[in-house]
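J.: This is the content of final-v3.txt (compact mmCIF, C-alpha atoms and all ligand atoms):
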```txt
# COMPACT_ATOMS: atom_id res chain seq x y z
CA MET A 1 20.43 -28.01 -17.93
CA ILE A 2 22.23 -31.02 -16.54
CA ASN A 3 25.16 -30.74 -14.13
CA LYS A 4 28.26 -30.70 -16.36
CA ASN A 5 30.15 -32.86 -13.90
CA PHE A 6 28.18 -35.90 -15.05
CA LYS A 7 30.63 -35.87 -17.98
CA ARG A 8 33.47 -36.47 -15.52
CA LEU A 9 31.89 -39.72 -14.28
CA PRO A 10 32.47 -43.09 -15.94
CA GLN A 11 29.86 -44.12 -18.51
CA SER A 12 28.05 -46.22 -15.90
CA TYR A 13 28.55 -47.11 -12.24
CA LEU A 14 30.86 -50.13 -12.04
CA PHE A 15 28.54 -52.55 -10.24
CA GLN A 16 25.52 -51.43 -12.25
CA GLU A 17 27.39 -52.19 -15.45
CA LEU A 18 28.29 -55.66 -14.15
CA ALA A 19 24.72 -56.33 -12.99
CA GLN A 20 23.37 -55.43 -16.44
CA LYS A 21 25.80 -57.75 -18.17
CA LYS A 22 24.96 -60.56 -15.79
CA ASN A 23 21.20 -60.02 -16.09
CA LYS A 24 21.42 -60.15 -19.87
CA LEU A 25 23.19 -63.52 -19.80
CA VAL A 26 20.78 -64.88 -17.17
CA SER A 27 17.79 -63.73 -19.24
CA GLU A 28 19.28 -65.66 -22.17
CA GLY A 29 19.24 -68.79 -20.01
CA HIS A 30 22.90 -68.91 -18.91
CA ASP A 31 24.02 -69.98 -15.46
CA VAL A 32 26.40 -67.26 -14.27
CA VAL A 33 28.62 -67.73 -11.22
CA ALA A 34 28.56 -64.21 -9.80
CA LEU A 35 31.71 -63.24 -7.91
CA GLY A 36 31.23 -59.53 -8.66
CA ILE A 37 29.56 -57.17 -6.20
CA GLY A 38 30.14 -57.74 -2.48
CA ASP A 39 26.62 -58.82 -1.59
CA PRO A 40 26.48 -61.55 1.11
CA ASP A 41 24.59 -64.67 0.01
CA LEU A 42 24.06 -66.04 3.56
CA GLU A 43 20.68 -65.09 4.98
CA THR A 44 20.07 -62.20 7.35
CA PRO A 45 19.96 -63.67 10.89
CA LYS A 46 16.38 -64.53 11.92
CA PRO A 47 16.14 -62.26 15.00
CA ILE A 48 16.93 -59.27 12.74
CA ARG A 49 14.22 -60.25 10.26
CA GLN A 50 11.76 -60.85 13.08
CA ALA A 51 12.48 -57.45 14.61
CA LEU A 52 11.91 -55.82 11.23
CA SER A 53 8.57 -57.56 10.61
CA LYS A 54 7.37 -56.77 14.09
CA GLU A 55 8.06 -53.07 13.57
CA VAL A 56 6.95 -52.77 9.99
CA ILE A 57 3.33 -53.77 10.70
CA ARG A 58 2.80 -50.84 13.03
CA ARG A 59 -0.14 -48.71 11.90
CA TYR A 60 1.82 -45.49 11.83
CA HIS A 61 5.22 -44.76 10.44
CA LYS A 62 6.07 -41.16 11.21
CA TYR A 63 9.19 -39.30 10.15
CA PRO A 64 12.26 -40.67 11.84
CA ASP A 65 14.76 -38.38 13.52
CA SER A 66 17.41 -37.62 10.90
CA GLU A 67 20.17 -38.27 13.44
CA GLY A 68 18.86 -41.73 14.33
CA ILE A 69 17.14 -43.52 17.21
CA LEU A 70 18.96 -42.83 20.47
CA GLU A 71 18.93 -46.52 21.48
CA LEU A 72 20.76 -47.52 18.30
CA ARG A 73 23.28 -44.71 18.73
CA GLU A 74 23.89 -45.84 22.31
CA GLU A 75 24.25 -49.43 21.16
CA LEU A 76 26.87 -48.34 18.62
CA ALA A 77 28.73 -46.39 21.30
CA ARG A 78 28.84 -49.66 23.31
CA TYR A 79 30.02 -51.50 20.19
CA TYR A 80 32.94 -49.05 19.85
CA GLN A 81 33.89 -49.66 23.48
CA LYS A 82 33.68 -53.45 23.19
CA ARG A 83 35.11 -53.88 19.71
CA PHE A 84 37.76 -51.14 19.57
CA ARG A 85 38.09 -50.01 23.21
CA VAL A 86 37.14 -46.55 21.92
CA LYS A 87 35.09 -44.18 24.05
CA LEU A 88 32.37 -42.57 22.01
CA LEU A 89 29.19 -40.84 23.11
CA ALA A 90 25.88 -41.66 21.46
CA GLU A 91 25.78 -38.06 20.22
CA ASN A 92 28.94 -38.73 18.20
CA VAL A 93 27.18 -41.43 16.19
CA LEU A 94 24.63 -40.66 13.48
CA ILE A 95 22.53 -43.26 11.75
CA SER A 96 22.33 -43.33 7.99
CA PHE A 97 20.92 -45.38 5.13
CA GLY A 98 24.03 -47.00 3.74
CA ALA A 99 27.68 -46.02 3.91
CA LYS A 100 27.69 -45.47 0.15
CA THR A 101 25.52 -42.36 0.53
CA ASP A 102 27.60 -40.92 3.38
CA LEU A 103 30.86 -41.62 1.59
CA PHE A 104 29.53 -39.79 -1.47
CA ASP A 105 28.23 -36.85 0.54
CA ALA A 106 31.42 -36.30 2.55
CA VAL A 107 33.05 -34.37 -0.32
CA ARG A 108 30.36 -31.71 -0.53
CA VAL A 109 30.17 -31.25 3.23
CA PHE A 110 33.87 -31.22 4.08
CA SER A 111 35.58 -29.59 1.09
CA ASN A 112 35.32 -26.71 -1.35
CA ILE A 113 35.60 -26.16 -5.08
CA GLY A 114 39.29 -25.94 -5.93
CA ASP A 115 40.32 -28.41 -3.21
CA VAL A 116 42.38 -31.46 -4.01
CA ILE A 117 41.10 -34.71 -2.56
CA ALA A 118 43.35 -37.72 -2.28
CA VAL A 119 42.07 -41.20 -2.79
CA GLN A 120 43.59 -44.62 -2.41
CA ASP A 121 44.10 -46.20 -5.79
CA PRO A 122 42.57 -48.77 -6.22
CA ALA A 123 39.50 -47.96 -4.10
CA TYR A 124 35.74 -48.33 -3.80
CA PRO A 125 34.64 -46.30 -6.87
CA VAL A 126 32.19 -44.12 -4.93
CA TYR A 127 35.02 -41.99 -3.48
CA GLU A 128 36.43 -41.08 -6.86
CA ASN A 129 33.00 -40.58 -8.41
CA SER A 130 32.00 -38.16 -5.68
CA ILE A 131 35.22 -36.16 -6.05
CA LEU A 132 34.62 -35.88 -9.80
CA PHE A 133 30.93 -35.14 -9.49
CA GLU A 134 31.46 -32.38 -6.94
CA GLY A 135 34.01 -30.75 -9.25
CA ARG A 136 37.06 -31.22 -7.00
CA ASP A 137 40.50 -32.27 -8.16
CA ILE A 138 41.71 -35.77 -7.51
CA LYS A 139 45.08 -37.06 -6.36
CA TYR A 140 45.62 -40.80 -6.62
CA LEU A 141 47.61 -42.57 -3.93
CA PRO A 142 48.87 -45.72 -5.68
CA CYS A 143 48.66 -48.99 -3.74
CA ASN A 144 50.40 -52.01 -5.16
CA LYS A 145 52.15 -55.15 -4.02
CA ASP A 146 55.47 -53.26 -3.74
CA ASN A 147 54.05 -51.00 -1.00
CA ASN A 148 51.88 -53.81 0.49
CA PHE A 149 48.83 -51.86 -0.74
CA MET A 150 49.55 -49.08 1.79
CA PRO A 151 49.77 -45.64 0.15
CA ASP A 152 52.76 -43.39 0.68
CA TYR A 153 51.29 -40.44 2.58
CA SER A 154 54.51 -38.44 2.38
CA VAL A 155 53.23 -37.26 -1.03
CA LEU A 156 50.36 -35.42 0.65
CA ASP A 157 50.88 -31.67 0.66
CA LYS A 158 49.04 -28.57 1.78
CA ASP A 159 46.84 -28.54 -1.35
CA VAL A 160 45.11 -31.71 -0.14
CA ALA A 161 41.93 -30.99 1.84
CA MET A 162 40.67 -34.50 2.34
CA VAL A 163 41.84 -38.12 2.07
CA TYR A 164 39.73 -41.24 1.61
CA LEU A 165 41.02 -44.49 3.10
CA CYS A 166 39.38 -47.86 3.65
CA TYR A 167 40.86 -50.51 5.98
CA PRO A 168 40.47 -53.47 5.93
CA ASN A 169 40.66 -52.51 2.32
CA ASN A 170 38.25 -52.99 -0.50
CA PRO A 171 39.46 -54.20 -3.01
CA THR A 172 42.99 -55.31 -1.98
CA GLY A 173 42.25 -56.82 1.44
CA ALA A 174 45.17 -55.00 3.13
CA VAL A 175 44.84 -54.08 6.82
CA ALA A 176 46.40 -50.90 8.22
CA SER A 177 48.47 -51.23 11.39
CA LYS A 178 47.98 -48.76 14.22
CA LYS A 179 51.54 -47.55 13.66
CA TYR A 180 50.81 -46.70 10.03
CA LEU A 181 47.64 -44.84 11.00
CA GLN A 182 49.45 -42.96 13.79
CA GLU A 183 52.01 -41.61 11.32
CA LEU A 184 49.27 -40.78 8.85
CA ILE A 185 47.29 -38.81 11.42
CA LYS A 186 50.45 -36.86 12.32
CA SER A 187 50.95 -35.94 8.64
CA LEU A 188 47.32 -34.94 8.21
CA LYS A 189 47.57 -32.62 11.19
CA GLN A 190 50.55 -30.90 9.63
CA ILE A 191 48.68 -30.17 6.40
CA ASN A 192 45.29 -29.68 8.06
CA ALA A 193 43.49 -32.27 5.93
CA LEU A 194 40.53 -34.43 6.90
CA LEU A 195 40.62 -38.22 6.79
CA VAL A 196 37.44 -40.02 5.74
CA PHE A 197 37.91 -43.54 7.08
CA ASP A 198 35.74 -46.39 5.79
CA ILE A 199 35.47 -49.40 8.14
CA ALA A 200 32.77 -51.34 6.28
CA TYR A 201 34.92 -54.48 6.58
CA ALA A 202 36.19 -54.08 10.16
CA ASP A 203 34.36 -57.20 11.32
CA PHE A 204 35.12 -59.36 8.36
CA GLY A 205 38.24 -61.18 9.46
CA PRO A 206 40.42 -62.20 12.35
CA ALA A 207 42.50 -59.01 12.15
CA GLU A 208 42.48 -56.46 14.95
CA ALA A 209 41.39 -53.88 12.40
CA PRO A 210 41.35 -50.55 14.25
CA SER A 211 38.76 -47.81 14.26
CA ILE A 212 40.42 -44.53 13.34
CA PHE A 213 39.46 -43.33 16.81
CA SER A 214 41.80 -45.98 18.27
CA ILE A 215 44.54 -43.62 17.08
CA PRO A 216 45.53 -40.78 19.41
CA GLY A 217 44.88 -37.38 17.90
CA ALA A 218 42.44 -38.65 15.24
CA LYS A 219 39.50 -36.85 16.82
CA ASP A 220 40.06 -33.52 15.07
CA VAL A 221 41.21 -34.74 11.67
CA ALA A 222 39.12 -37.84 10.99
CA ILE A 223 35.58 -39.04 10.56
CA GLU A 224 34.54 -42.65 10.20
CA PHE A 225 31.81 -44.52 8.35
CA GLY A 226 30.66 -48.03 9.25
CA SER A 227 27.99 -50.37 7.96
CA PHE A 228 25.65 -53.19 8.97
CA SER A 229 25.64 -54.54 5.42
CA LYS A 230 28.33 -57.17 5.32
CA PRO A 231 28.68 -58.64 8.85
CA TYR A 232 24.90 -59.11 9.22
CA SER A 233 23.93 -59.74 5.55
CA MET A 234 21.91 -56.52 5.60
CA THR A 235 22.90 -54.90 2.30
CA GLY A 236 19.26 -54.54 1.26
CA TYR A 237 18.25 -52.89 4.54
CA ARG A 238 20.45 -49.84 3.91
CA LEU A 239 21.72 -49.17 7.43
CA SER A 240 24.99 -47.56 8.43
CA TRP A 241 26.52 -44.98 10.73
CA SER A 242 28.92 -42.10 10.82
CA ALA A 243 31.13 -41.48 13.86
CA ILE A 244 32.39 -37.92 14.31
CA LYS A 245 34.09 -36.68 17.47
CA ASN A 246 35.06 -33.12 16.60
CA LYS A 247 32.23 -30.73 17.44
CA GLU A 248 32.61 -28.45 14.43
CA LEU A 249 32.66 -31.37 11.99
CA LEU A 250 29.77 -33.04 13.80
CA ASP A 251 27.64 -29.89 13.75
CA ALA A 252 28.26 -29.44 10.02
CA TRP A 253 27.29 -33.06 9.33
CA ILE A 254 24.13 -32.80 11.45
CA LYS A 255 23.13 -29.57 9.72
CA PHE A 256 23.68 -31.21 6.36
CA ARG A 257 21.69 -34.31 7.29
CA ASN A 258 18.82 -32.27 8.76
CA ASN A 259 18.49 -30.37 5.50
CA ARG A 260 19.25 -33.17 3.11
CA ASP A 261 17.12 -36.09 4.37
CA SER A 262 14.62 -37.26 6.93
CA GLY A 263 16.68 -40.09 8.33
CA CYS A 264 16.61 -43.85 8.12
CA SER A 265 13.24 -45.61 8.64
CA ASN A 266 12.65 -46.49 12.28
CA TYR A 267 11.79 -50.13 11.56
CA ILE A 268 15.17 -50.61 9.88
CA GLN A 269 16.93 -49.01 12.83
CA LYS A 270 15.04 -51.28 15.26
CA ALA A 271 16.36 -54.26 13.30
CA GLY A 272 19.84 -52.74 13.66
CA ILE A 273 19.46 -52.60 17.45
CA ILE A 274 18.73 -56.33 17.46
CA ALA A 275 21.76 -56.96 15.22
CA LEU A 276 23.97 -55.45 17.91
CA GLN A 277 22.15 -56.68 21.01
CA ASN A 278 21.02 -60.20 20.28
CA LYS A 279 23.20 -63.15 21.35
CA GLU A 280 21.77 -65.44 18.66
CA VAL A 281 22.73 -62.88 15.99
CA GLU A 282 26.25 -62.75 17.43
CA ASN A 283 26.54 -66.52 17.17
CA ILE A 284 25.17 -66.62 13.63
CA ALA A 285 27.55 -63.86 12.55
CA LYS A 286 30.48 -65.84 14.01
CA LYS A 287 29.32 -69.00 12.24
CA ASN A 288 28.96 -67.11 8.96
CA MET A 289 32.49 -65.75 9.31
CA LYS A 290 33.80 -69.31 9.72
CA GLU A 291 31.98 -70.30 6.55
CA TYR A 292 33.43 -67.28 4.71
CA ARG A 293 36.95 -68.17 5.91
CA LYS A 294 36.48 -71.70 4.54
CA ARG A 295 35.36 -70.33 1.19
CA ALA A 296 38.29 -67.90 1.17
CA ARG A 297 40.71 -70.83 1.36
CA VAL A 298 38.91 -72.60 -1.50
CA LEU A 299 38.93 -69.47 -3.65
CA GLN A 300 42.59 -68.77 -2.91
CA LYS A 301 43.69 -72.32 -3.74
CA GLY A 302 41.50 -72.36 -6.84
CA PHE A 303 42.83 -69.16 -8.39
CA GLU A 304 46.41 -70.03 -7.43
CA SER A 305 45.96 -73.33 -9.26
CA LEU A 306 45.33 -71.17 -12.36
CA GLY A 307 48.84 -69.74 -11.96
CA LEU A 308 47.59 -66.38 -10.64
CA GLU A 309 48.72 -64.47 -7.53
CA VAL A 310 45.98 -63.97 -4.95
CA TYR A 311 46.03 -61.15 -2.36
CA GLY A 312 43.55 -60.08 0.28
CA LEU A 313 40.90 -62.52 1.55
CA ALA A 314 42.23 -62.85 5.10
CA HIS A 315 40.31 -59.81 6.35
CA THR A 316 37.77 -58.96 3.67
CA PRO A 317 35.40 -60.90 1.43
CA TYR A 318 37.56 -60.04 -1.57
CA ALA A 319 40.41 -61.69 -3.43
CA TRP A 320 42.63 -59.32 -5.38
CA ILE A 321 44.00 -61.42 -8.20
CA THR A 322 46.69 -60.79 -10.83
CA ILE A 323 45.70 -61.48 -14.43
CA PRO A 324 47.55 -63.38 -17.14
CA LYS A 325 49.89 -61.43 -19.42
CA GLY A 326 48.44 -60.02 -22.63
CA TYR A 327 45.10 -58.87 -21.18
CA THR A 328 43.72 -55.68 -19.70
CA SER A 329 41.65 -56.31 -16.59
CA ARG A 330 38.49 -55.41 -18.53
CA ASP A 331 39.34 -57.78 -21.38
CA PHE A 332 40.10 -60.59 -18.98
CA ALA A 333 36.91 -60.07 -16.95
CA GLU A 334 34.89 -59.91 -20.18
CA LYS A 335 36.45 -63.14 -21.44
CA LEU A 336 35.61 -64.95 -18.19
CA LEU A 337 32.05 -63.64 -18.31
CA GLN A 338 31.33 -64.42 -21.95
CA GLU A 339 33.26 -67.67 -22.28
CA ALA A 340 33.09 -69.20 -18.77
CA LYS A 341 30.01 -67.36 -17.47
CA VAL A 342 31.97 -66.32 -14.39
CA LEU A 343 31.45 -62.74 -13.24
CA ILE A 344 34.37 -60.99 -11.58
CA THR A 345 35.16 -57.29 -11.26
CA PRO A 346 37.88 -55.73 -13.46
CA GLY A 347 40.53 -54.11 -11.26
CA SER A 348 40.69 -50.96 -13.40
CA GLY A 349 37.12 -50.21 -12.25
CA PHE A 350 38.67 -49.35 -8.87
CA GLY A 351 41.19 -46.86 -10.29
CA PRO A 352 44.25 -46.74 -12.57
CA SER A 353 46.40 -48.85 -10.21
CA GLY A 354 43.79 -51.61 -10.37
CA GLU A 355 44.93 -52.41 -13.89
CA GLY A 356 46.55 -55.84 -13.96
CA TYR A 357 44.13 -57.25 -11.37
CA VAL A 358 40.58 -58.54 -11.01
CA ARG A 359 38.52 -58.84 -7.82
CA ALA A 360 36.46 -61.89 -6.82
CA THR A 361 34.17 -62.28 -3.79
CA ILE A 362 33.48 -65.20 -1.48
CA PHE A 363 29.72 -64.60 -1.55
CA GLN A 364 29.00 -67.89 -3.32
CA SER A 365 29.01 -71.40 -1.86
CA GLU A 366 32.20 -73.47 -1.84
CA GLN A 367 30.73 -75.60 -4.59
CA ARG A 368 29.98 -72.57 -6.81
CA ILE A 369 33.47 -71.18 -6.25
CA LYS A 370 34.94 -74.53 -7.30
CA GLU A 371 32.63 -74.49 -10.32
CA ALA A 372 33.91 -71.01 -11.28
CA VAL A 373 37.54 -72.16 -11.07
CA LYS A 374 36.76 -75.28 -13.11
CA ARG A 375 35.09 -73.22 -15.83
CA ILE A 376 38.04 -70.83 -16.00
CA LYS A 377 40.51 -73.74 -16.10
CA ASN A 378 38.66 -75.09 -19.13
CA LEU A 379 39.57 -71.88 -21.01
CA TYR A 380 43.29 -72.56 -20.57
CA PRO A 381 45.64 -72.13 -22.36
CA LEU A 382 44.50 -68.52 -22.63
C1 LIG B 401 31.61 -53.77 -3.42
O1 LIG B 401 31.34 -54.83 -4.01
O2 LIG B 401 32.68 -53.18 -3.52
C2 LIG B 401 30.55 -53.16 -2.59
O3 LIG B 401 29.83 -54.11 -1.95
C3 LIG B 401 29.65 -52.37 -3.42
C4 LIG B 401 28.82 -51.48 -2.57
O4 LIG B 401 28.86 -51.56 -1.33
O5 LIG B 401 28.15 -50.61 -3.15
```
Any chance you could give the structure as structure tokens?
Ligand code: MLT
T.:
Amino acid sequence: MINKNFKRLPQSYLFQELAQKKNKLVSEGHDVVALGIGDPDLETPKPIRQALSKEVIRRYHKYPDSEGILELREELARYYQKRFRVKLLAENVLISFGAKTDLFDAVRVFSNIGDVIAVQDPAYPVYENSILFEGRDIKYLPCNKDNNFMPDYSVLDKDVAMVYLCYPNNPTGAVASKKYLQELIKSLKQINALLVFDIAYADFGPAEAPSIFSIPGAKDVAIEFGSFSKPYSMTGYRLSWSAIKNKELLDAWIKFRNNRDSGCSNYIQKAGIIALQNKEVENIAKKNMKEYRKRARVLQKGFESLGLEVYGLAHTPYAWITIPKGYTSRDFAEKLLQEAKVLITPGSGFGPSGEGYVRATIFQSEQRIKEAVKRIKNLYPL
């Protein structure tokens, strides 16, 4: 009676498992320093909250348009021009309720049973889970310090129908150069595979992180998903977009969305318009990024002082950290949680190549990050 592909999924969703463990300790009275899920702790800028409250008290809330409010789509087209110097029409942008959903749905819309789908390894677990759940075959593209966390795309062959990539990368923090993406797009054209490009962290660091549409020729072989969650502390709002330039791909996505859902609530979208339009929001977002950069330095120094190698951080809210010898990433994360009450994410939760690493976020104050490092130091020698 139940879809047999559930058996292919991990026992529980990575961040749900971590939340349950944390909640248990908190309910027992422990103070846990949570450096697990990437959930910004700084408040949502006031103009966004004000826009939401103003809209939410309206007497009628009718069905939204499943493609999104035109004004928000136009605003995003302007964002692409300003941020990436990419020309995009409002009709190429669709509004959605969180990139997680879109990233999961891409497999069923853009591939078929029997297809092989390639995924960066390590990667945001939703990609892999969707591939497994939709009954497709998976091909891991290992990313490690020897290849600067950039997968070797020469291994892609004609069996591969789709590829998931995220840059700036969650969890490793690597940023793809335009040159790398140009070569990748050329290869994808040769094998006729679709790139699903996740830019949830494009605005999280000083890097000139490109949109995939900054790359010539990407139009027909790539689609892109972006999110309001992290740059505007809007994870709980559930607001994101998909950008699709190719007409056939766009039509398929629209048809899917029209059938599958009734769109994102209008009051949330109105708040999104303010996030993109309002000068005060822009200034707050810049100030928040400065704060995050400061914390990143503290976290980096702290974990390095424990004798561990720290990657990432410059362009994402994540540190990708090696673990001491003699542990699996799960064992090490469990030890830190149970004995130091510090929650970090085991690297193996992001794929086989994540073994040997853990991931920590900068979504805690400087003082709490220092506290986490102090608690871990107290466990030494391990
Ligand atoms: C993460 O921590 O990798 C993400 O924030 C989780 C998510 O977006 O679902």
J.: Report as a PyMOL selection string all protein, DNA and RNA residues lying within 12 Å of Val298 (chain A), evaluated on all atoms listed in the file, omitting residues in the same chain fewer than 3 positions from it.
T.: chain A and resi 291-295+301-305+310+313+319+361-362+364-373
J.: Any chance you could work out the axis-aligned box around ligand LIG 401 (chain B), listed atoms only, 6 Å on each side, giving centre and edge lengths in Å to one decimal, as AutoDock Vina command-line options?
T.:
```
--center_x 30.4 --center_y -52.7 --center_z -2.7 --size_x 16.5 --size_y 16.2 --size_z 14.7
```
J.: List the neighbours of region 156-158 of chain A out to 8 Å using all atoms listed in the file; skip same-chain residues closer than 4 positions along the sequence, and give me the result as a PyMOL selection string.
T.: chain A and resi 118+191-193
J.: From the list A:Leu276, A:Ala77, A:Leu18, A:Ile95, which residue is nearest ligand LIG 401 (chain B) when using only C-alpha atoms and all ligand atoms?
T.: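 Counting only C-alpha atoms and all ligand atoms, the residue closest to ligand LIG 401 (chain B) is A:Leu18.
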J.: Residues at most 8 Å from region 135-146 of chain A, counting all atoms listed in the file, excluding those fewer than 6 positions away in the same chain, as a ChimeraX atom specification?
T.: /A:5,112-122,128,152-153,353
J.: Between A:Ile37, A:Val86, A:Ala243, A:Ile376, single out the one closest to ligand LIG 401 (chain B), counting all atoms listed in the file.
T.: A:Ile37
J.: Pick the closest to ligand LIG 401 (chain B) from A:Tyr232, A:Phe350, A:Phe97, A:Tyr167: which is it, counting only C-alpha atoms and all ligand atoms?
T.: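 Closest residue, counting only C-alpha atoms and all ligand atoms: A:Phe350.
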J.: Please write out the residues within 8 Å of ligand LIG 401 (chain B) as a list in words, counting all atoms listed in the file.
T.: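 Counting all atoms listed in the file, the residues within 8 Å of ligand LIG 401 (chain B) come out as Phe15, Gly36, Ile37, Gly38, Asp39, Ala99, Lys100, Tyr124, Pro125, Val126, Asn170, Pro171, Thr235 and Thr361 of chain A.
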J.: Here is a test: counting only C-alpha atoms, which residue of A:Phe225, A:Arg375, A:Asn147, A:Lys186 is nearest to Leu165 (chain A)?
T.: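 Looking only at the distances to Leu165 (chain A), the closest residue turns out to be A:Phe225.
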J.: Tell me, in Å to one decimal, how far CA of Gly98 (chain A) is from CA of Cys264 (chain A).
T.: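 CA of Gly98 (chain A) sits 9.2 Å away from CA of Cys264 (chain A).
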J.: When you count only C-alpha atoms, which of these residues is closest to Ala176 (chain A): A:Leu188, A:Gly236, A:Gln277, A:Ile215?
T.: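 Answer, going by the shortest atom-to-atom distance: A:Ile215.
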J.: For region 145-151 of chain A, supply all heavy atoms and format the output as a short mmCIF file (atom, residue, chain, number, x, y, z; two decimals), in the frame of the given file.
T.:
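File written: rebuild22.cif
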```cif
data_model
loop_
_atom_site.label_atom_id
_atom_site.label_comp_id
_atom_site.auth_asym_id
_atom_site.auth_seq_id
_atom_site.Cartn_x
_atom_site.Cartn_y
_atom_site.Cartn_z
N LYS A 145 51.53 -54.14 -4.89
CA LYS A 145 52.15 -55.15 -4.02
C LYS A 145 53.51 -54.67 -3.49
O LYS A 145 53.95 -55.12 -2.45
CB LYS A 145 52.22 -56.51 -4.70
CG LYS A 145 52.84 -56.54 -6.05
CD LYS A 145 52.67 -57.91 -6.65
CE LYS A 145 53.24 -57.92 -8.06
NZ LYS A 145 53.15 -59.17 -8.74
N ASP A 146 54.16 -53.75 -4.21
CA ASP A 146 55.47 -53.26 -3.74
C ASP A 146 55.34 -52.43 -2.46
O ASP A 146 56.27 -52.36 -1.66
CB ASP A 146 56.16 -52.41 -4.81
CG ASP A 146 56.41 -53.25 -6.05
OD1 ASP A 146 56.60 -54.48 -5.88
OD2 ASP A 146 56.36 -52.70 -7.16
N ASN A 147 54.21 -51.74 -2.27
CA ASN A 147 54.05 -51.00 -1.00
C ASN A 147 53.02 -51.69 -0.08
O ASN A 147 52.42 -51.06 0.78
CB ASN A 147 53.73 -49.51 -1.22
CG ASN A 147 52.44 -49.27 -2.00
OD1 ASN A 147 51.60 -50.17 -2.12
ND2 ASN A 147 52.26 -48.08 -2.53
N ASN A 148 52.83 -53.01 -0.31
CA ASN A 148 51.88 -53.81 0.49
C ASN A 148 50.49 -53.17 0.51
O ASN A 148 49.76 -53.28 1.48
CB ASN A 148 52.37 -53.99 1.93
CG ASN A 148 53.58 -54.86 1.96
OD1 ASN A 148 53.65 -55.85 1.23
ND2 ASN A 148 54.56 -54.49 2.77
N PHE A 149 50.16 -52.50 -0.57
CA PHE A 149 48.83 -51.86 -0.74
C PHE A 149 48.57 -50.78 0.32
O PHE A 149 47.43 -50.53 0.69
CB PHE A 149 47.71 -52.91 -0.76
CG PHE A 149 47.92 -53.96 -1.80
CD1 PHE A 149 48.33 -55.25 -1.46
CD2 PHE A 149 47.74 -53.67 -3.14
CE1 PHE A 149 48.55 -56.22 -2.44
CE2 PHE A 149 47.96 -54.63 -4.13
CZ PHE A 149 48.35 -55.91 -3.78
N MET A 150 49.68 -50.19 0.83
CA MET A 150 49.55 -49.08 1.79
C MET A 150 50.10 -47.83 1.12
O MET A 150 51.30 -47.78 0.80
CB MET A 150 50.38 -49.35 3.06
CG MET A 150 50.15 -50.70 3.72
SD MET A 150 48.47 -50.95 4.26
CE MET A 150 48.32 -49.67 5.43
N PRO A 151 49.28 -46.80 0.89
CA PRO A 151 49.77 -45.64 0.15
C PRO A 151 50.84 -44.86 0.91
O PRO A 151 50.85 -44.84 2.14
CB PRO A 151 48.52 -44.78 -0.05
CG PRO A 151 47.54 -45.25 0.96
CD PRO A 151 47.86 -46.67 1.26
#
```
